[in-house]
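Okay, structure35.cif is below, mmCIF, N, CA and C atoms:
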data_my_file
loop_
_atom_site.label_atom_id
_atom_site.label_comp_id
_atom_site.auth_asym_id
_atom_site.auth_seq_id
_atom_site.Cartn_x
_atom_site.Cartn_y
_atom_site.Cartn_z
N MET A 1266 29.70 16.51 6.32
CA MET A 1266 29.59 16.21 4.89
C MET A 1266 28.56 15.10 4.71
N THR A 1267 27.65 15.28 3.76
CA THR A 1267 26.63 14.27 3.53
C THR A 1267 26.98 13.44 2.31
N ASP A 1268 26.50 12.23 2.31
CA ASP A 1268 26.71 11.33 1.19
C ASP A 1268 25.55 11.50 0.22
N GLU A 1269 25.79 12.13 -0.91
CA GLU A 1269 24.74 12.41 -1.89
C GLU A 1269 24.19 11.13 -2.52
N THR A 1270 24.89 10.02 -2.43
CA THR A 1270 24.42 8.79 -3.05
C THR A 1270 23.65 7.91 -2.08
N ALA A 1271 23.56 8.29 -0.81
CA ALA A 1271 22.84 7.49 0.16
C ALA A 1271 21.36 7.44 -0.21
N ALA A 1272 20.76 6.26 -0.11
CA ALA A 1272 19.35 6.09 -0.45
C ALA A 1272 18.49 6.66 0.67
N PRO A 1273 17.49 7.44 0.31
CA PRO A 1273 16.58 7.96 1.33
C PRO A 1273 15.81 6.82 1.99
N THR A 1274 15.41 7.01 3.23
CA THR A 1274 14.68 5.96 3.93
C THR A 1274 13.18 6.07 3.73
N ASP A 1275 12.67 7.21 3.33
CA ASP A 1275 11.25 7.40 3.12
C ASP A 1275 10.92 7.07 1.67
N PRO A 1276 10.04 6.07 1.41
CA PRO A 1276 9.77 5.69 0.03
C PRO A 1276 9.11 6.78 -0.79
N THR A 1277 8.53 7.78 -0.16
CA THR A 1277 7.95 8.87 -0.95
C THR A 1277 9.03 9.77 -1.53
N ASP A 1278 10.31 9.61 -1.09
CA ASP A 1278 11.41 10.43 -1.57
C ASP A 1278 12.20 9.77 -2.70
N ARG A 1279 11.92 8.54 -3.03
CA ARG A 1279 12.71 7.81 -4.01
C ARG A 1279 12.12 7.90 -5.41
N PRO A 1280 12.98 7.70 -6.43
CA PRO A 1280 12.45 7.68 -7.80
C PRO A 1280 11.72 6.37 -8.07
N GLY A 1281 11.03 6.32 -9.17
CA GLY A 1281 10.29 5.11 -9.53
C GLY A 1281 8.88 5.16 -8.99
N LEU A 1282 8.14 4.11 -9.26
CA LEU A 1282 6.74 4.03 -8.88
C LEU A 1282 6.57 3.83 -7.39
N LEU A 1283 5.64 4.57 -6.80
CA LEU A 1283 5.23 4.36 -5.42
C LEU A 1283 3.91 3.62 -5.47
N LEU A 1284 3.88 2.41 -4.94
CA LEU A 1284 2.68 1.59 -4.90
C LEU A 1284 2.12 1.65 -3.48
N ILE A 1285 0.92 2.17 -3.35
CA ILE A 1285 0.26 2.28 -2.05
C ILE A 1285 -0.90 1.29 -2.05
N VAL A 1286 -0.87 0.37 -1.09
CA VAL A 1286 -1.87 -0.70 -1.04
C VAL A 1286 -2.79 -0.49 0.16
N ASP A 1287 -4.08 -0.45 -0.11
CA ASP A 1287 -5.12 -0.34 0.90
C ASP A 1287 -5.35 -1.75 1.46
N ALA A 1288 -4.66 -2.08 2.55
CA ALA A 1288 -4.69 -3.44 3.08
C ALA A 1288 -6.11 -3.89 3.40
N ALA A 1289 -6.87 -3.06 4.08
CA ALA A 1289 -8.23 -3.45 4.48
C ALA A 1289 -9.09 -3.78 3.26
N ASN A 1290 -8.97 -2.98 2.23
CA ASN A 1290 -9.77 -3.18 1.03
C ASN A 1290 -9.33 -4.42 0.27
N VAL A 1291 -8.02 -4.63 0.17
CA VAL A 1291 -7.51 -5.78 -0.59
C VAL A 1291 -7.83 -7.08 0.13
N VAL A 1292 -7.55 -7.17 1.43
CA VAL A 1292 -7.84 -8.43 2.14
C VAL A 1292 -9.34 -8.67 2.21
N GLY A 1293 -10.13 -7.60 2.27
CA GLY A 1293 -11.58 -7.75 2.33
C GLY A 1293 -12.22 -8.10 1.01
N SER A 1294 -11.44 -8.15 -0.06
CA SER A 1294 -12.00 -8.42 -1.39
C SER A 1294 -12.25 -9.91 -1.63
N VAL A 1295 -11.76 -10.76 -0.74
CA VAL A 1295 -11.95 -12.20 -0.89
C VAL A 1295 -12.47 -12.75 0.45
N PRO A 1296 -13.63 -13.40 0.45
CA PRO A 1296 -14.19 -13.92 1.70
C PRO A 1296 -13.51 -15.22 2.14
N ASP A 1297 -12.28 -15.08 2.65
CA ASP A 1297 -11.49 -16.26 3.02
C ASP A 1297 -11.31 -16.40 4.53
N GLY A 1298 -12.15 -15.71 5.31
CA GLY A 1298 -12.04 -15.77 6.76
C GLY A 1298 -11.14 -14.71 7.35
N TRP A 1299 -10.74 -13.72 6.58
CA TRP A 1299 -9.82 -12.67 7.04
C TRP A 1299 -10.33 -11.98 8.28
N TRP A 1300 -11.64 -11.90 8.47
CA TRP A 1300 -12.23 -11.17 9.59
C TRP A 1300 -11.93 -11.83 10.93
N ARG A 1301 -11.54 -13.09 10.93
CA ARG A 1301 -11.19 -13.77 12.18
C ARG A 1301 -9.79 -13.38 12.67
N ASP A 1302 -8.95 -12.92 11.74
CA ASP A 1302 -7.58 -12.54 12.09
C ASP A 1302 -7.11 -11.45 11.12
N ARG A 1303 -7.53 -10.24 11.37
CA ARG A 1303 -7.23 -9.13 10.45
C ARG A 1303 -5.73 -8.87 10.35
N ARG A 1304 -5.05 -8.96 11.48
CA ARG A 1304 -3.60 -8.73 11.46
C ARG A 1304 -2.90 -9.83 10.66
N GLY A 1305 -3.28 -11.07 10.87
CA GLY A 1305 -2.70 -12.19 10.12
C GLY A 1305 -2.95 -12.06 8.63
N ALA A 1306 -4.16 -11.60 8.27
CA ALA A 1306 -4.49 -11.40 6.85
C ALA A 1306 -3.60 -10.31 6.25
N ALA A 1307 -3.36 -9.23 7.01
CA ALA A 1307 -2.47 -8.16 6.53
C ALA A 1307 -1.04 -8.67 6.40
N GLU A 1308 -0.61 -9.52 7.32
CA GLU A 1308 0.75 -10.08 7.24
C GLU A 1308 0.89 -10.97 6.02
N ARG A 1309 -0.13 -11.76 5.72
CA ARG A 1309 -0.07 -12.61 4.51
C ARG A 1309 -0.01 -11.76 3.25
N LEU A 1310 -0.79 -10.67 3.22
CA LEU A 1310 -0.73 -9.76 2.07
C LEU A 1310 0.66 -9.14 1.97
N ARG A 1311 1.19 -8.68 3.09
CA ARG A 1311 2.54 -8.09 3.10
C ARG A 1311 3.56 -9.08 2.53
N ASP A 1312 3.49 -10.33 2.97
CA ASP A 1312 4.44 -11.34 2.51
C ASP A 1312 4.29 -11.63 1.02
N ARG A 1313 3.05 -11.63 0.54
CA ARG A 1313 2.82 -11.85 -0.89
C ARG A 1313 3.39 -10.69 -1.70
N LEU A 1314 3.17 -9.46 -1.21
CA LEU A 1314 3.73 -8.29 -1.89
C LEU A 1314 5.25 -8.32 -1.90
N ALA A 1315 5.84 -8.73 -0.80
CA ALA A 1315 7.31 -8.81 -0.72
C ALA A 1315 7.85 -9.84 -1.70
N ALA A 1316 7.14 -10.94 -1.86
CA ALA A 1316 7.60 -12.00 -2.76
C ALA A 1316 7.33 -11.69 -4.23
N ASP A 1317 6.16 -11.10 -4.52
CA ASP A 1317 5.74 -10.93 -5.91
C ASP A 1317 5.90 -9.52 -6.45
N GLY A 1318 6.01 -8.52 -5.57
CA GLY A 1318 6.08 -7.14 -6.04
C GLY A 1318 4.81 -6.76 -6.76
N LEU A 1319 4.94 -6.01 -7.83
CA LEU A 1319 3.80 -5.61 -8.65
C LEU A 1319 3.88 -6.39 -9.96
N PRO A 1320 3.06 -7.42 -10.10
CA PRO A 1320 3.11 -8.23 -11.33
C PRO A 1320 2.95 -7.37 -12.58
N GLY A 1321 3.81 -7.64 -13.56
CA GLY A 1321 3.74 -6.93 -14.83
C GLY A 1321 4.47 -5.61 -14.88
N HIS A 1322 5.09 -5.20 -13.77
CA HIS A 1322 5.83 -3.93 -13.74
C HIS A 1322 7.31 -4.23 -13.61
N ASP A 1323 8.11 -3.75 -14.58
CA ASP A 1323 9.53 -4.06 -14.61
C ASP A 1323 10.42 -3.06 -13.90
N GLY A 1324 9.99 -1.84 -13.75
CA GLY A 1324 10.83 -0.80 -13.15
C GLY A 1324 10.84 -0.87 -11.64
N PRO A 1325 11.56 0.08 -11.03
CA PRO A 1325 11.62 0.10 -9.57
C PRO A 1325 10.25 0.44 -8.96
N VAL A 1326 9.91 -0.27 -7.89
CA VAL A 1326 8.65 -0.07 -7.19
C VAL A 1326 8.92 -0.03 -5.70
N ASP A 1327 8.43 0.99 -5.05
CA ASP A 1327 8.46 1.06 -3.59
C ASP A 1327 7.04 0.79 -3.12
N ILE A 1328 6.89 -0.22 -2.28
CA ILE A 1328 5.57 -0.65 -1.84
C ILE A 1328 5.31 -0.17 -0.42
N VAL A 1329 4.17 0.49 -0.23
CA VAL A 1329 3.72 0.90 1.10
C VAL A 1329 2.36 0.25 1.32
N LEU A 1330 2.27 -0.57 2.36
CA LEU A 1330 1.03 -1.22 2.74
C LEU A 1330 0.46 -0.45 3.92
N VAL A 1331 -0.74 0.10 3.75
CA VAL A 1331 -1.36 0.89 4.81
C VAL A 1331 -2.38 0.02 5.54
N VAL A 1332 -2.17 -0.11 6.86
CA VAL A 1332 -3.06 -0.91 7.70
C VAL A 1332 -3.75 0.00 8.70
N GLU A 1333 -4.90 -0.44 9.17
CA GLU A 1333 -5.66 0.35 10.13
C GLU A 1333 -6.41 -0.60 11.07
N GLY A 1334 -6.96 -0.05 12.12
CA GLY A 1334 -7.78 -0.82 13.05
C GLY A 1334 -7.04 -2.01 13.65
N ALA A 1335 -7.71 -3.16 13.65
CA ALA A 1335 -7.16 -4.37 14.28
C ALA A 1335 -5.92 -4.90 13.56
N ALA A 1336 -5.65 -4.42 12.37
CA ALA A 1336 -4.47 -4.88 11.63
C ALA A 1336 -3.21 -4.07 11.97
N ARG A 1337 -3.35 -3.03 12.78
CA ARG A 1337 -2.17 -2.23 13.13
C ARG A 1337 -1.12 -3.09 13.84
N GLY A 1338 0.13 -2.68 13.67
CA GLY A 1338 1.22 -3.38 14.33
C GLY A 1338 1.93 -4.40 13.47
N VAL A 1339 1.55 -4.51 12.21
CA VAL A 1339 2.23 -5.40 11.28
C VAL A 1339 3.59 -4.79 10.96
N ALA A 1340 4.63 -5.58 11.09
CA ALA A 1340 5.99 -5.09 10.86
C ALA A 1340 6.30 -4.97 9.37
N SER A 1341 7.16 -4.02 9.04
CA SER A 1341 7.69 -3.92 7.68
C SER A 1341 8.66 -5.05 7.44
N VAL A 1342 8.84 -5.41 6.19
CA VAL A 1342 9.82 -6.41 5.78
C VAL A 1342 10.57 -5.85 4.59
N PRO A 1343 11.72 -6.43 4.23
CA PRO A 1343 12.41 -5.95 3.04
C PRO A 1343 11.47 -5.98 1.83
N GLY A 1344 11.35 -4.85 1.17
CA GLY A 1344 10.50 -4.75 0.00
C GLY A 1344 9.12 -4.18 0.26
N VAL A 1345 8.69 -4.17 1.52
CA VAL A 1345 7.36 -3.63 1.83
C VAL A 1345 7.44 -2.83 3.14
N ARG A 1346 7.13 -1.56 3.02
CA ARG A 1346 7.03 -0.71 4.21
C ARG A 1346 5.57 -0.73 4.65
N VAL A 1347 5.35 -1.08 5.91
CA VAL A 1347 3.99 -1.12 6.45
C VAL A 1347 3.79 0.12 7.31
N GLU A 1348 2.71 0.83 7.06
CA GLU A 1348 2.40 2.03 7.84
C GLU A 1348 1.06 1.87 8.52
N ASP A 1349 1.05 2.08 9.84
CA ASP A 1349 -0.19 2.10 10.61
C ASP A 1349 -0.86 3.44 10.40
N ALA A 1350 -2.09 3.43 9.93
CA ALA A 1350 -2.84 4.68 9.81
C ALA A 1350 -3.26 5.09 11.22
N PRO A 1351 -2.91 6.29 11.65
CA PRO A 1351 -3.25 6.71 13.00
C PRO A 1351 -4.76 6.91 13.20
N GLY A 1352 -5.47 7.11 12.12
CA GLY A 1352 -6.92 7.29 12.15
C GLY A 1352 -7.49 6.58 10.94
N SER A 1353 -8.03 7.34 10.03
CA SER A 1353 -8.60 6.80 8.80
C SER A 1353 -7.50 6.34 7.85
N GLY A 1354 -7.61 5.10 7.40
CA GLY A 1354 -6.65 4.61 6.41
C GLY A 1354 -6.73 5.39 5.13
N ASP A 1355 -7.95 5.77 4.73
CA ASP A 1355 -8.12 6.56 3.51
C ASP A 1355 -7.39 7.90 3.62
N ASP A 1356 -7.56 8.58 4.75
CA ASP A 1356 -6.88 9.86 4.94
C ASP A 1356 -5.37 9.70 4.89
N HIS A 1357 -4.87 8.61 5.47
CA HIS A 1357 -3.42 8.38 5.48
C HIS A 1357 -2.91 8.16 4.05
N MET A 1358 -3.65 7.38 3.27
CA MET A 1358 -3.23 7.12 1.89
C MET A 1358 -3.28 8.40 1.05
N VAL A 1359 -4.28 9.22 1.25
CA VAL A 1359 -4.36 10.50 0.54
C VAL A 1359 -3.15 11.36 0.91
N GLY A 1360 -2.75 11.35 2.18
CA GLY A 1360 -1.57 12.10 2.60
C GLY A 1360 -0.30 11.59 1.93
N LEU A 1361 -0.18 10.27 1.79
CA LEU A 1361 0.99 9.70 1.11
C LEU A 1361 1.03 10.13 -0.36
N VAL A 1362 -0.12 10.12 -1.01
CA VAL A 1362 -0.19 10.54 -2.41
C VAL A 1362 0.20 12.01 -2.52
N ALA A 1363 -0.33 12.83 -1.65
CA ALA A 1363 -0.02 14.27 -1.69
C ALA A 1363 1.47 14.51 -1.46
N ALA A 1364 2.08 13.74 -0.58
CA ALA A 1364 3.50 13.91 -0.26
C ALA A 1364 4.40 13.43 -1.39
N ALA A 1365 3.88 12.61 -2.29
CA ALA A 1365 4.70 12.06 -3.38
C ALA A 1365 5.03 13.10 -4.44
N GLY A 1366 4.33 14.21 -4.47
CA GLY A 1366 4.62 15.26 -5.44
C GLY A 1366 4.45 14.77 -6.86
N GLU A 1367 5.52 14.91 -7.65
CA GLU A 1367 5.47 14.53 -9.07
C GLU A 1367 5.76 13.05 -9.31
N ARG A 1368 6.12 12.34 -8.27
CA ARG A 1368 6.44 10.92 -8.41
C ARG A 1368 5.21 10.13 -8.86
N PRO A 1369 5.38 9.16 -9.77
CA PRO A 1369 4.23 8.35 -10.16
C PRO A 1369 3.75 7.49 -8.99
N VAL A 1370 2.43 7.47 -8.80
CA VAL A 1370 1.83 6.73 -7.70
C VAL A 1370 0.70 5.87 -8.24
N LEU A 1371 0.66 4.64 -7.77
CA LEU A 1371 -0.43 3.71 -8.08
C LEU A 1371 -1.02 3.27 -6.76
N VAL A 1372 -2.33 3.47 -6.58
CA VAL A 1372 -3.02 3.08 -5.37
C VAL A 1372 -3.87 1.86 -5.68
N VAL A 1373 -3.75 0.83 -4.84
CA VAL A 1373 -4.53 -0.39 -5.00
C VAL A 1373 -5.70 -0.35 -4.03
N THR A 1374 -6.90 -0.19 -4.57
CA THR A 1374 -8.12 -0.16 -3.77
C THR A 1374 -9.33 -0.29 -4.70
N ALA A 1375 -10.44 -0.71 -4.12
CA ALA A 1375 -11.71 -0.71 -4.84
C ALA A 1375 -12.65 0.32 -4.24
N ASP A 1376 -12.19 1.03 -3.22
CA ASP A 1376 -12.99 2.03 -2.52
C ASP A 1376 -13.24 3.23 -3.43
N ARG A 1377 -14.48 3.46 -3.82
CA ARG A 1377 -14.80 4.53 -4.77
C ARG A 1377 -14.44 5.91 -4.27
N GLY A 1378 -14.72 6.18 -3.00
CA GLY A 1378 -14.40 7.49 -2.44
C GLY A 1378 -12.91 7.74 -2.43
N LEU A 1379 -12.13 6.72 -2.04
CA LEU A 1379 -10.67 6.86 -2.03
C LEU A 1379 -10.15 7.02 -3.45
N ARG A 1380 -10.71 6.28 -4.38
CA ARG A 1380 -10.30 6.40 -5.78
C ARG A 1380 -10.45 7.84 -6.27
N ARG A 1381 -11.60 8.44 -5.98
CA ARG A 1381 -11.82 9.84 -6.41
C ARG A 1381 -10.80 10.78 -5.76
N ARG A 1382 -10.55 10.59 -4.49
CA ARG A 1382 -9.64 11.49 -3.78
C ARG A 1382 -8.22 11.41 -4.33
N VAL A 1383 -7.71 10.20 -4.56
CA VAL A 1383 -6.32 10.08 -5.00
C VAL A 1383 -6.14 10.40 -6.47
N THR A 1384 -7.14 10.09 -7.30
CA THR A 1384 -7.00 10.47 -8.72
C THR A 1384 -7.06 11.99 -8.86
N GLY A 1385 -7.77 12.65 -7.98
CA GLY A 1385 -7.79 14.10 -7.98
C GLY A 1385 -6.43 14.71 -7.67
N LEU A 1386 -5.56 13.91 -7.03
CA LEU A 1386 -4.19 14.36 -6.73
C LEU A 1386 -3.18 13.86 -7.76
N GLY A 1387 -3.67 13.16 -8.79
CA GLY A 1387 -2.78 12.72 -9.87
C GLY A 1387 -2.35 11.27 -9.81
N ALA A 1388 -2.81 10.51 -8.82
CA ALA A 1388 -2.44 9.09 -8.73
C ALA A 1388 -3.26 8.27 -9.70
N ASP A 1389 -2.70 7.14 -10.09
CA ASP A 1389 -3.46 6.14 -10.83
C ASP A 1389 -4.01 5.15 -9.81
N VAL A 1390 -5.05 4.42 -10.21
CA VAL A 1390 -5.71 3.48 -9.30
C VAL A 1390 -5.93 2.18 -10.02
N THR A 1391 -5.80 1.09 -9.28
CA THR A 1391 -6.11 -0.24 -9.80
C THR A 1391 -6.82 -1.01 -8.70
N GLY A 1392 -7.49 -2.06 -9.07
CA GLY A 1392 -8.25 -2.85 -8.12
C GLY A 1392 -7.42 -3.92 -7.42
N PRO A 1393 -8.02 -4.53 -6.38
CA PRO A 1393 -7.32 -5.53 -5.58
C PRO A 1393 -6.79 -6.72 -6.37
N ARG A 1394 -7.41 -7.08 -7.47
CA ARG A 1394 -6.94 -8.24 -8.25
C ARG A 1394 -5.52 -8.06 -8.76
N THR A 1395 -5.07 -6.83 -8.85
CA THR A 1395 -3.71 -6.56 -9.32
C THR A 1395 -2.67 -7.21 -8.41
N VAL A 1396 -2.97 -7.31 -7.12
CA VAL A 1396 -1.99 -7.87 -6.15
C VAL A 1396 -2.51 -9.12 -5.45
N ARG A 1397 -3.68 -9.63 -5.85
CA ARG A 1397 -4.21 -10.87 -5.27
C ARG A 1397 -3.98 -11.99 -6.26
N PRO A 1398 -3.73 -13.19 -5.76
CA PRO A 1398 -3.57 -14.32 -6.70
C PRO A 1398 -4.88 -14.70 -7.36
#

With the file now loaded, output its structure as structure tokens.
Amino acid sequence: MTDETAAPTDPTDRPGLLLIVDAANVVGSVPDGWWRDRRGAAERLRDRLAADGLPGHDGPVDIVLVVEGAARGVASVPGVRVEDAPGSGDDHMVGLVAAAGERPVLVVTADRGLRRRVTGLGADVTGPRTVRP
């Protein structure tokens, strides 16, 4: 017998907004020395997202931070699921948007190519300033 009220573990299966954050693009939007420690920069972004969520949004939000390259290996924390892109971070984020189905999705990136790809799948897009102080 299954518990119908149990919360799914995959954030793409839950109701409410799915926020997908392009870690490389967001941390790279401010020249603060992130290139010396890409993993540390991703961890700081993860912690800020966990503390602040999505400013200005009152409903439920599931946050997925997508990391790639030298930033891989950042652990998830309560409130933020971190996913290592096995290859291209852009391809991984497009896959997450496609898997979300009818669920509302907001992707945080300034990458023009990624913006076109995810809006073509029905996602909304916003720039890095939405989640940067």

Expansion of the PyMOL selection byres (((chain A and resi 1330 and name CA) around 9) and name CA) into residues, as a list in words: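 Written out, the selection comes to Leu1284, Ile1285, Val1286, Asp1287, Ala1288, Ala1307, Leu1310, Arg1311, Leu1314, Ile1328, Val1329, Val1331, Val1332, Ser1341, Val1345, Arg1346, Val1347, Glu1348 and Asp1349 of chain A.
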
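Using only C-alpha atoms, the shortest contact distance between Val1291 of chain A and any of A:Val1396, A:Val1326, A:Leu1379, A:Val1390 is found at A:Val1396.
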
Leu1361 of chain A surroundings by only C-alpha atoms, 10 Å radius, close-in-sequence under 4 positions cut, as a PDB file with N, CA and C atoms, in the frame of the given file:
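Below is the file out-v9.pdb, written as the result:
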ATOM      1  N   PRO A1276      10.040   6.070   1.410  1.00  0.00           N
ATOM      2  CA  PRO A1276       9.770   5.690   0.030  1.00  0.00           C
ATOM      3  C   PRO A1276       9.110   6.780  -0.790  1.00  0.00           C
ATOM      4  N   THR A1277       8.530   7.780  -0.160  1.00  0.00           N
ATOM      5  CA  THR A1277       7.950   8.870  -0.950  1.00  0.00           C
ATOM      6  C   THR A1277       9.030   9.770  -1.530  1.00  0.00           C
ATOM      7  N   LEU A1283       5.640   4.570  -6.800  1.00  0.00           N
ATOM      8  CA  LEU A1283       5.230   4.360  -5.420  1.00  0.00           C
ATOM      9  C   LEU A1283       3.910   3.620  -5.470  1.00  0.00           C
ATOM     10  N   ILE A1285       0.920   2.170  -3.350  1.00  0.00           N
ATOM     11  CA  ILE A1285       0.260   2.280  -2.050  1.00  0.00           C
ATOM     12  C   ILE A1285      -0.900   1.290  -2.050  1.00  0.00           C
ATOM     13  N   VAL A1329       4.170   0.490  -0.230  1.00  0.00           N
ATOM     14  CA  VAL A1329       3.720   0.900   1.100  1.00  0.00           C
ATOM     15  C   VAL A1329       2.360   0.250   1.320  1.00  0.00           C
ATOM     16  N   VAL A1331      -0.740   0.100   3.750  1.00  0.00           N
ATOM     17  CA  VAL A1331      -1.360   0.890   4.810  1.00  0.00           C
ATOM     18  C   VAL A1331      -2.380   0.020   5.540  1.00  0.00           C
ATOM     19  N   ASP A1355      -7.950   5.770   4.730  1.00  0.00           N
ATOM     20  CA  ASP A1355      -8.120   6.560   3.510  1.00  0.00           C
ATOM     21  C   ASP A1355      -7.390   7.900   3.620  1.00  0.00           C
ATOM     22  N   ASP A1356      -7.560   8.580   4.750  1.00  0.00           N
ATOM     23  CA  ASP A1356      -6.880   9.860   4.940  1.00  0.00           C
ATOM     24  C   ASP A1356      -5.370   9.700   4.890  1.00  0.00           C
ATOM     25  N   HIS A1357      -4.870   8.610   5.470  1.00  0.00           N
ATOM     26  CA  HIS A1357      -3.420   8.380   5.480  1.00  0.00           C
ATOM     27  C   HIS A1357      -2.910   8.160   4.050  1.00  0.00           C
ATOM     28  N   ALA A1365       3.880  12.610  -2.290  1.00  0.00           N
ATOM     29  CA  ALA A1365       4.700  12.060  -3.380  1.00  0.00           C
ATOM     30  C   ALA A1365       5.030  13.100  -4.440  1.00  0.00           C
ATOM     31  N   GLY A1366       4.330  14.210  -4.470  1.00  0.00           N
ATOM     32  CA  GLY A1366       4.620  15.260  -5.440  1.00  0.00           C
ATOM     33  C   GLY A1366       4.450  14.770  -6.860  1.00  0.00           C
ATOM     34  N   VAL A1370       2.430   7.470  -8.800  1.00  0.00           N
ATOM     35  CA  VAL A1370       1.830   6.730  -7.700  1.00  0.00           C
ATOM     36  C   VAL A1370       0.700   5.870  -8.240  1.00  0.00           C
ATOM     37  N   VAL A1383      -7.710  10.200  -4.560  1.00  0.00           N
ATOM     38  CA  VAL A1383      -6.320  10.080  -5.000  1.00  0.00           C
ATOM     39  C   VAL A1383      -6.140  10.400  -6.470  1.00  0.00           C
TER      40      VAL A1383
END

Strand (DSSP E) per DSSP on the backbone: members of chain A, as a count of residues only: 25

Residue nearest Asp1317 of chain A among A:Arg1397, A:Gly1387, A:Arg1301, A:Gly1334 (counting only C-alpha atoms):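 Of A:Arg1397, A:Gly1387, A:Arg1301, A:Gly1334, the one nearest Asp1317 of chain A, counting only C-alpha atoms, is A:Arg1397.
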
DSSP alpha helix (DSSP H) residues within chain A, listed as a ChimeraX atom specification: /A:1288-1292,1303-1317,1354-1364,1377-1384

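Of the listed residues A:Val1359, A:Ala1335, A:Leu1319, A:Val1342, the one whose atoms come nearest to Thr1391 of chain A is A:Leu1319, with distances taken using only C-alpha atoms.
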
Distance of atom CA of Pro1325 of chain A from atom CA of Val1295 of chain A, expressed in Å to one decimal place: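 These two atoms are separated by 28.0 Å.
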
Take segment 1369-1374 of chain A, model all heavy atoms, and hand the result over as a CSV table (one decimal), in the frame of the given file.
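Dumped everything to selection.csv:
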chain,number,residue,atom,x,y,z
A,1369,PRO,N,5.4,9.2,-9.8
A,1369,PRO,CA,4.2,8.4,-10.2
A,1369,PRO,C,3.8,7.5,-9.0
A,1369,PRO,O,4.6,6.9,-8.3
A,1369,PRO,CB,4.8,7.5,-11.3
A,1369,PRO,CG,6.2,7.5,-11.2
A,1369,PRO,CD,6.6,8.8,-10.5
A,1370,VAL,N,2.4,7.5,-8.8
A,1370,VAL,CA,1.8,6.7,-7.7
A,1370,VAL,C,0.7,5.9,-8.2
A,1370,VAL,O,-0.1,6.3,-9.0
A,1370,VAL,CB,1.3,7.7,-6.6
A,1370,VAL,CG1,0.6,6.9,-5.5
A,1370,VAL,CG2,2.3,8.6,-6.1
A,1371,LEU,N,0.7,4.6,-7.8
A,1371,LEU,CA,-0.4,3.7,-8.1
A,1371,LEU,C,-1.0,3.3,-6.8
A,1371,LEU,O,-0.3,2.8,-5.9
A,1371,LEU,CB,0.1,2.5,-8.9
A,1371,LEU,CG,-1.0,1.4,-9.2
A,1371,LEU,CD1,-2.1,2.0,-10.1
A,1371,LEU,CD2,-0.3,0.3,-9.9
A,1372,VAL,N,-2.3,3.5,-6.6
A,1372,VAL,CA,-3.0,3.1,-5.4
A,1372,VAL,C,-3.9,1.9,-5.7
A,1372,VAL,O,-4.6,1.8,-6.7
A,1372,VAL,CB,-3.9,4.2,-4.8
A,1372,VAL,CG1,-4.7,3.8,-3.6
A,1372,VAL,CG2,-3.0,5.4,-4.5
A,1373,VAL,N,-3.8,0.8,-4.8
A,1373,VAL,CA,-4.5,-0.4,-5.0
A,1373,VAL,C,-5.7,-0.4,-4.0
A,1373,VAL,O,-5.5,-0.5,-2.8
A,1373,VAL,CB,-3.7,-1.7,-4.8
A,1373,VAL,CG1,-4.5,-2.9,-4.9
A,1373,VAL,CG2,-2.5,-1.7,-5.7
A,1374,THR,N,-6.9,-0.2,-4.6
A,1374,THR,CA,-8.1,-0.2,-3.8
A,1374,THR,C,-9.3,-0.3,-4.7
A,1374,THR,O,-9.2,0.0,-5.9
A,1374,THR,CB,-8.2,1.1,-2.9
A,1374,THR,OG1,-9.4,1.0,-2.0
A,1374,THR,CG2,-8.4,2.4,-3.8
